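Visitor: Here you go, this is target_31.txt (compact mmCIF, C-alpha atoms).
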```
# COMPACT_ATOMS: atom_id res chain seq x y z
CA MET G 1 78.73 99.13 107.64
CA SER G 2 75.99 101.10 105.99
CA MET G 3 73.13 99.85 103.89
CA ASP G 4 74.42 102.25 101.19
CA ALA G 5 77.60 100.17 100.95
CA VAL G 6 75.54 97.00 100.59
CA PHE G 7 73.37 98.46 97.81
CA ARG G 8 76.46 99.84 96.03
CA ALA G 9 78.18 96.48 96.28
CA LEU G 10 75.10 94.70 94.90
CA ALA G 11 74.73 97.21 92.05
CA ASP G 12 77.46 95.50 90.04
CA LYS G 13 76.81 92.45 87.87
CA SER G 14 80.26 90.93 88.39
CA ARG G 15 79.92 91.19 92.15
CA ARG G 16 76.48 89.58 92.09
CA LYS G 17 78.00 86.79 90.01
CA LEU G 18 80.69 86.25 92.67
CA LEU G 19 78.00 86.09 95.36
CA ASP G 20 76.07 83.53 93.28
CA ARG G 21 79.20 81.42 92.99
CA LEU G 22 79.73 81.55 96.75
CA HIS G 23 76.10 80.73 97.36
CA LYS G 24 76.52 77.66 95.18
CA ARG G 25 79.68 76.64 96.99
CA ASN G 26 80.67 78.43 100.16
CA GLY G 27 84.23 78.84 101.35
CA GLN G 28 86.19 79.20 98.10
CA ALA G 29 89.75 80.40 97.62
CA LEU G 30 90.51 83.19 95.13
CA GLY G 31 91.78 80.73 92.51
CA GLU G 32 88.57 78.67 92.54
CA LEU G 33 86.44 81.78 92.38
CA CYS G 34 88.29 82.99 89.28
CA GLU G 35 87.86 79.72 87.38
CA GLY G 36 85.82 80.11 84.22
CA LEU G 37 85.19 83.79 84.80
CA ALA G 38 85.89 86.36 82.11
CA MET G 39 87.58 88.57 84.70
CA SER G 40 91.20 89.01 85.63
CA ARG G 41 92.42 87.85 89.01
CA GLN G 42 93.05 91.51 89.88
CA ALA G 43 89.47 92.44 89.03
CA VAL G 44 88.10 89.59 91.16
CA THR G 45 90.35 90.68 94.06
CA LYS G 46 89.04 94.23 93.75
CA HIS G 47 85.40 93.12 93.67
CA LEU G 48 85.94 90.82 96.66
CA ALA G 49 87.41 93.73 98.63
CA ILE G 50 84.26 95.78 97.94
CA LEU G 51 82.04 92.85 98.93
CA GLU G 52 84.06 92.38 102.11
CA ALA G 53 83.85 96.07 102.97
CA ALA G 54 80.05 95.81 102.63
CA ASN G 55 80.12 92.74 104.90
CA LEU G 56 78.58 90.59 102.15
CA VAL G 57 81.65 88.39 102.04
CA VAL G 58 83.70 87.23 105.01
CA SER G 59 87.15 85.73 104.56
CA LYS G 60 88.91 83.31 106.80
CA LYS G 61 92.46 82.00 106.72
CA GLU G 62 92.80 78.25 106.57
CA GLY G 63 96.51 77.54 106.71
CA ARG G 64 97.97 79.44 103.77
CA THR G 65 94.76 79.91 101.86
CA LYS G 66 92.18 82.59 102.36
CA LEU G 67 88.66 81.20 101.97
CA HIS G 68 85.69 83.39 101.11
CA PHE G 69 82.24 82.93 102.60
CA ILE G 70 78.98 84.59 101.67
CA ASN G 71 77.41 86.45 104.57
CA ALA G 72 73.66 86.64 104.07
CA VAL G 73 72.98 88.85 107.09
CA PRO G 74 73.15 92.25 105.28
CA ILE G 75 70.92 90.87 102.49
CA ASN G 76 68.45 89.72 105.11
CA ASP G 77 68.60 93.18 106.75
CA ILE G 78 67.60 94.66 103.37
CA ALA G 79 64.83 92.10 102.94
CA GLU G 80 63.42 92.95 106.37
CA ARG G 81 63.70 96.69 105.80
CA TRP G 82 62.52 96.85 102.18
CA ILE G 83 60.56 93.73 101.31
CA VAL G 84 58.82 92.10 104.27
CA LYS G 85 57.19 95.38 105.25
CA PHE G 86 55.45 95.70 101.87
CA GLU G 87 54.81 91.99 101.55
CA HIS G 88 53.05 92.12 104.90
CA ARG G 89 50.60 94.77 103.68
CA ARG G 90 49.87 92.76 100.54
CA LEU G 91 49.41 89.56 102.51
CA SER G 92 47.00 91.19 104.91
CA ALA G 93 45.07 92.61 101.93
CA LEU G 94 44.87 89.11 100.48
CA SER G 95 43.68 87.59 103.73
CA ALA G 96 41.02 90.33 104.04
CA LEU G 97 39.90 89.51 100.48
CA LYS G 98 39.73 85.81 101.35
CA ASP G 99 37.59 86.62 104.41
CA ILE G 100 35.13 88.67 102.35
CA LEU G 101 34.89 86.09 99.55
CA GLU G 102 34.40 83.22 101.96
CA ARG G 103 31.78 85.08 103.94
CA ASN G 104 29.82 85.73 100.75
CA SER G 105 30.05 82.22 99.36
CA MET S 106 85.71 72.80 105.95
CA SER S 107 84.36 75.05 103.13
CA SER S 108 80.88 73.81 102.16
CA ASN S 109 80.23 72.44 105.65
CA THR S 110 80.89 75.84 107.18
CA PHE S 111 78.83 78.99 107.30
CA ILE S 112 80.05 82.29 108.68
CA TYR S 113 77.77 85.17 109.61
CA VAL S 114 78.91 88.61 110.64
CA THR S 115 76.81 91.48 111.89
CA TYR S 116 77.77 94.85 113.31
CA ILE S 117 75.49 96.05 116.10
CA ARG S 118 75.37 99.47 117.74
CA THR S 119 75.71 98.18 121.28
CA THR S 120 78.30 97.06 123.82
CA SER S 121 79.92 93.63 124.00
CA GLU S 122 78.30 93.09 127.41
CA LYS S 123 74.77 93.81 126.19
CA LEU S 124 75.32 91.59 123.16
CA TRP S 125 76.58 88.81 125.43
CA ASP S 126 73.45 89.13 127.58
CA ALA S 127 71.24 88.99 124.50
CA LEU S 128 73.02 85.81 123.38
CA THR S 129 72.92 84.03 126.72
CA LYS S 130 69.77 85.15 128.57
CA PRO S 131 66.52 83.29 127.82
CA GLU S 132 64.28 86.36 128.14
CA PHE S 133 66.36 88.09 125.43
CA ASN S 134 66.61 84.97 123.24
CA ARG S 135 62.81 84.67 122.98
CA GLN S 136 62.53 88.15 121.50
CA TYR S 137 64.59 87.44 118.39
CA TRP S 138 65.05 83.64 118.07
CA PHE S 139 61.66 82.45 116.73
CA GLY S 140 60.43 82.41 120.33
CA CYS S 141 63.11 79.84 121.28
CA HIS S 142 65.52 80.15 124.17
CA GLN S 143 68.71 78.47 125.34
CA GLU S 144 69.30 76.85 128.71
CA SER S 145 72.77 76.46 130.16
CA ASP S 146 74.87 77.72 133.03
CA TRP S 147 77.46 78.67 130.39
CA LYS S 148 80.39 76.89 131.97
CA PRO S 149 82.76 74.75 129.88
CA GLY S 150 81.60 71.15 130.08
CA SER S 151 78.02 72.08 131.01
CA SER S 152 75.04 70.94 129.02
CA TRP S 153 73.35 73.27 126.58
CA THR S 154 69.84 73.08 125.12
CA LEU S 155 67.83 75.15 122.70
CA LYS S 156 64.15 74.99 123.58
CA MET S 157 61.14 75.58 121.39
CA PRO S 158 58.45 78.06 122.47
CA ASP S 159 56.46 75.11 123.91
CA GLY S 160 59.45 74.04 126.03
CA SER S 161 60.39 70.96 124.00
CA ILE S 162 64.04 70.45 123.09
CA ALA S 163 65.01 71.52 119.57
CA ASP S 164 68.77 71.15 119.78
CA ALA S 165 71.19 70.10 122.49
CA GLY S 166 74.88 69.76 123.21
CA GLU S 167 77.60 71.09 125.42
CA VAL S 168 79.46 74.30 126.20
CA LEU S 169 83.01 73.73 124.95
CA GLU S 170 84.42 77.20 125.64
CA CYS S 171 83.01 80.24 127.37
CA ASP S 172 84.85 83.52 127.81
CA PRO S 173 82.35 86.34 128.48
CA PRO S 174 81.85 88.69 126.71
CA ARG S 175 84.21 87.59 123.93
CA ARG S 176 83.87 84.01 122.86
CA MET S 177 81.69 80.96 123.20
CA VAL S 178 81.91 77.57 121.50
CA LEU S 179 79.04 75.10 121.55
CA LYS S 180 78.78 71.46 120.57
CA TRP S 181 75.43 71.39 118.85
CA ARG S 182 73.11 68.66 117.59
CA ASN S 183 69.53 68.62 116.43
CA GLU S 184 67.37 66.47 118.69
CA PHE S 185 63.91 66.30 117.20
CA ARG S 186 64.48 65.06 113.67
CA PRO S 187 66.02 61.56 113.63
CA GLU S 188 67.78 62.08 110.28
CA LEU S 189 69.40 65.30 111.50
CA LYS S 190 70.25 63.86 114.90
CA ALA S 191 71.96 60.97 113.09
CA GLU S 192 74.37 63.43 111.46
CA GLY S 193 75.96 63.97 114.85
CA PHE S 194 77.39 67.09 116.43
CA THR S 195 78.21 70.38 114.77
CA ARG S 196 80.27 73.16 116.26
CA CYS S 197 79.08 76.72 116.64
CA THR S 198 81.42 79.56 117.63
CA PHE S 199 80.31 83.03 118.69
CA GLU S 200 82.94 85.77 118.73
CA ILE S 201 82.41 89.35 119.83
CA GLU S 202 84.87 92.13 119.00
CA GLU S 203 84.68 95.87 119.27
CA ALA S 204 84.87 97.62 115.89
CA ASP S 205 84.43 101.38 115.34
CA GLY S 206 82.33 101.79 118.45
CA MET S 207 80.12 98.87 117.45
CA ALA S 208 80.02 95.27 118.54
CA LYS S 209 80.99 92.88 115.76
CA LEU S 210 79.44 89.45 116.14
CA THR S 211 80.81 86.52 114.13
CA VAL S 212 78.90 83.24 114.20
CA THR S 213 80.69 80.27 112.62
CA HIS S 214 78.65 77.09 112.35
CA GLN S 215 80.44 74.05 111.00
CA ALA S 216 80.07 70.32 110.57
CA GLU S 217 82.84 67.86 109.91
CA ARG S 218 80.97 66.25 107.04
CA PRO S 219 78.41 67.50 104.52
CA SER S 220 75.35 68.23 106.63
CA ILE S 221 71.67 68.83 105.90
CA PHE S 222 71.38 70.36 109.36
CA ILE S 223 74.04 72.98 108.55
CA ASP S 224 72.16 73.81 105.32
CA LYS S 225 68.96 74.24 107.29
CA VAL S 226 70.41 76.50 109.98
CA SER S 227 72.14 78.51 107.28
CA THR S 228 68.80 79.99 106.28
CA GLY S 229 67.79 80.59 109.90
CA TRP S 230 70.88 82.39 111.15
CA PRO S 231 70.58 85.52 108.96
CA LYS S 232 66.99 86.02 110.18
CA ILE S 233 67.95 85.50 113.81
CA LEU S 234 70.92 87.86 113.56
CA SER S 235 68.97 90.60 111.73
CA SER S 236 66.37 90.38 114.46
CA LEU S 237 69.00 90.42 117.21
CA LYS S 238 70.48 93.58 115.67
CA SER S 239 67.04 95.17 115.53
CA LEU S 240 66.31 94.23 119.14
CA LEU S 241 69.54 95.73 120.46
CA GLU S 242 69.39 98.87 118.32
CA THR S 243 65.68 99.65 118.51
CA GLY S 244 64.39 97.64 121.47
CA LYS S 245 62.29 95.42 119.19
CA GLY S 246 63.01 92.19 117.39
CA LEU S 247 61.69 91.67 113.87
CA PRO S 248 58.09 90.50 113.47
CA ARG S 249 58.90 87.18 111.84
CA THR S 250 61.32 86.13 114.57
CA ASP S 251 59.88 87.34 117.86
CA GLN S 252 57.21 84.69 118.06
CA PRO S 253 56.74 81.06 117.12
CA LYS S 254 56.56 80.45 113.39
```
Spit out the file's structure as structure tokens when you get a sec.
Guide:
Amino acid sequence: MSMDAVFRALADKSRRKLLDRLHKRNGQALGELCEGLAMSRQAVTKHLAILEAANLVVSKKEGRTKLHFINAVPINDIAERWIVKFEHRRLSALSALKDILERNS
Amino acid sequence: MSSNTFIYVTYIRTTSEKLWDALTKPEFNRQYWFGCHQESDWKPGSSWTLKMPDGSIADAGEVLECDPPRRMVLKWRNEFRPELKAEGFTRCTFEIEEADGMAKLTVTHQAERPSIFIDKVSTGWPKILSSLKSLLETGKGLPRTDQPK
């Protein structure tokens, strides 16, 4: 379950589209996910398998149907590792700037 | 179920027992759960509360199932916002499995009806679980989740 797998899975436009669709409505079956997409059922199945292997999608059997759920944890791991760290530096720079400007006003 | 259900999965380099401790012991909870902690004796039928850093009750409910270190099911309701409390109880299931030398944690949080509360926790869970993973793997929770917001 490496971060490489997550980045590779996210590097594809069709897979990001599938994640967007699940974000909009969580817990969809394959048939619903394919609706209105310019992709074959086989292609969607393949992309879902890659998303599942990266732990970005989790599937669960409900009776005879397999429902797909978006799992935001790996995306949050990336955000913590690659975004918050840099955001934090910028935010502290901004608050230092605010301090200086307010002191001089 | 579907839109009233959220499922989160994380793989953590630790043992099932350590993960269970981190989920159930208050001193661990505080380090990755926005400073909150849970109180319960973790027996089926016992009460369960999630407390804010100041000790007030955020959420409350009941332990429905408890099978350490594998599975726990909680009946869960928000207590401090009247409109969320009015939605009634949700159900949260924690499952721990061993997978490739790692502990796989699956958290399934569901409501019977469309729920604003479920939508709200759905943005919190990924942060809590990322921080839990960090705590168990590195000894430190993540900065945004180890102290009150």
Visitor: Go through chain G residue by residue and, counting all atoms listed in the file, keep those with an atom at most 10 Å from chain S; for each kept residue give the shortest atom pair and its distance in Å to one decimal, ordered by chain and increasing number, as a Markdown table.
Guide:
```
| residue | atom | partner | partner_atom | distance |
| --- | --- | --- | --- | --- |
| G:Met1 | CA | S:Tyr116 | CA | 7.2 |
| G:Ser2 | CA | S:Tyr116 | CA | 9.8 |
| G:Leu22 | CA | S:Ser108 | CA | 9.5 |
| G:His23 | CA | S:Ser108 | CA | 9.7 |
| G:Lys24 | CA | S:Ser108 | CA | 9.1 |
| G:Arg25 | CA | S:Ser108 | CA | 6.0 |
| G:Asn26 | CA | S:Ser108 | CA | 5.0 |
| G:Gly27 | CA | S:Ser107 | CA | 4.2 |
| G:Gln28 | CA | S:Ser107 | CA | 6.8 |
| G:Ala29 | CA | S:Ser107 | CA | 9.4 |
| G:Asn55 | CA | S:Val114 | CA | 7.2 |
| G:Leu56 | CA | S:Val114 | CA | 8.7 |
| G:Val57 | CA | S:Val114 | CA | 9.0 |
| G:Val58 | CA | S:Ile112 | CA | 7.2 |
| G:Ser59 | CA | S:Ile112 | CA | 8.9 |
| G:Lys60 | CA | S:Ile112 | CA | 9.1 |
| G:Glu62 | CA | S:Met106 | CA | 9.0 |
| G:Leu67 | CA | S:Ser107 | CA | 7.6 |
| G:His68 | CA | S:Ser107 | CA | 8.7 |
| G:Phe69 | CA | S:Ile112 | CA | 6.5 |
| G:Ile70 | CA | S:Ile112 | CA | 7.5 |
| G:Asn71 | CA | S:Tyr113 | CA | 5.2 |
| G:Ala72 | CA | S:Pro231 | CA | 5.9 |
| G:Val73 | CA | S:Pro231 | CA | 4.5 |
| G:Pro74 | CA | S:Thr115 | CA | 7.6 |
| G:Ile75 | CA | S:Pro231 | CA | 8.4 |
| G:Asn76 | CA | S:Pro231 | CA | 6.1 |
| G:Asp77 | CA | S:Ser235 | CA | 5.6 |
| G:Ile78 | CA | S:Ser235 | CA | 9.4 |
| G:Ala79 | CA | S:Lys232 | CA | 9.7 |
| G:Glu80 | CA | S:Leu247 | CA | 7.8 |
| G:Arg81 | CA | S:Leu247 | CA | 9.7 |
| G:Val84 | CA | S:Arg249 | CA | 9.0 |
| G:Lys85 | CA | S:Pro248 | CA | 9.6 |
```
Visitor: To one decimal in Å, tell me the separation between atom CA of S:Arg175 and atom CA of S:Pro149.
Guide: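 Taking atom CA of S:Arg175 and atom CA of S:Pro149, their separation equals 14.2 Å.
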Visitor: Do you know which residues are at most 7 Å from S:Asp164 counting all atoms listed in the file, after dropping those on the same chain fewer than 5 positions away, and could you put them as a list in words?
Guide: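 Here the qualifying residues turn out to be Thr154, Leu155, Trp181, Arg182, Asn183 and Glu184 of chain S.
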Visitor: What is the distance between atom CA of S:Leu210 and atom CA of S:Ser121, in Å to one decimal?
Guide: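 These two atoms are separated by 8.9 Å.
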Visitor: Please indicate the distance in Å from atom CA of S:Glu192 to atom CA of S:His214, rounded to one decimal place.
Guide: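 Distance reported for this atom pair: 14.3 Å.
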Visitor: Can you tell me, as a short mmCIF file (atom, residue, chain, number, x, y, z; two decimals) with C-alpha atoms, in the coordinates of the input, what residues are no more than 10 Å from S:Phe185 when counting all atoms listed in the file, ignoring any on the same chain fewer than 5 positions away?
Guide:
```cif
data_model
loop_
_atom_site.label_atom_id
_atom_site.label_comp_id
_atom_site.auth_asym_id
_atom_site.auth_seq_id
_atom_site.Cartn_x
_atom_site.Cartn_y
_atom_site.Cartn_z
CA SER S 161 60.39 70.96 124.00
CA ILE S 162 64.04 70.45 123.09
CA ALA S 163 65.01 71.52 119.57
CA ASP S 164 68.77 71.15 119.78
CA ALA S 165 71.19 70.10 122.49
CA LYS S 190 70.25 63.86 114.90
#
```
Visitor: Between S:Lys225, S:Arg186, S:Arg135, S:Arg196, which has the minimum distance to S:Thr213 (counting all atoms listed in the file)?
Guide: S:Arg196
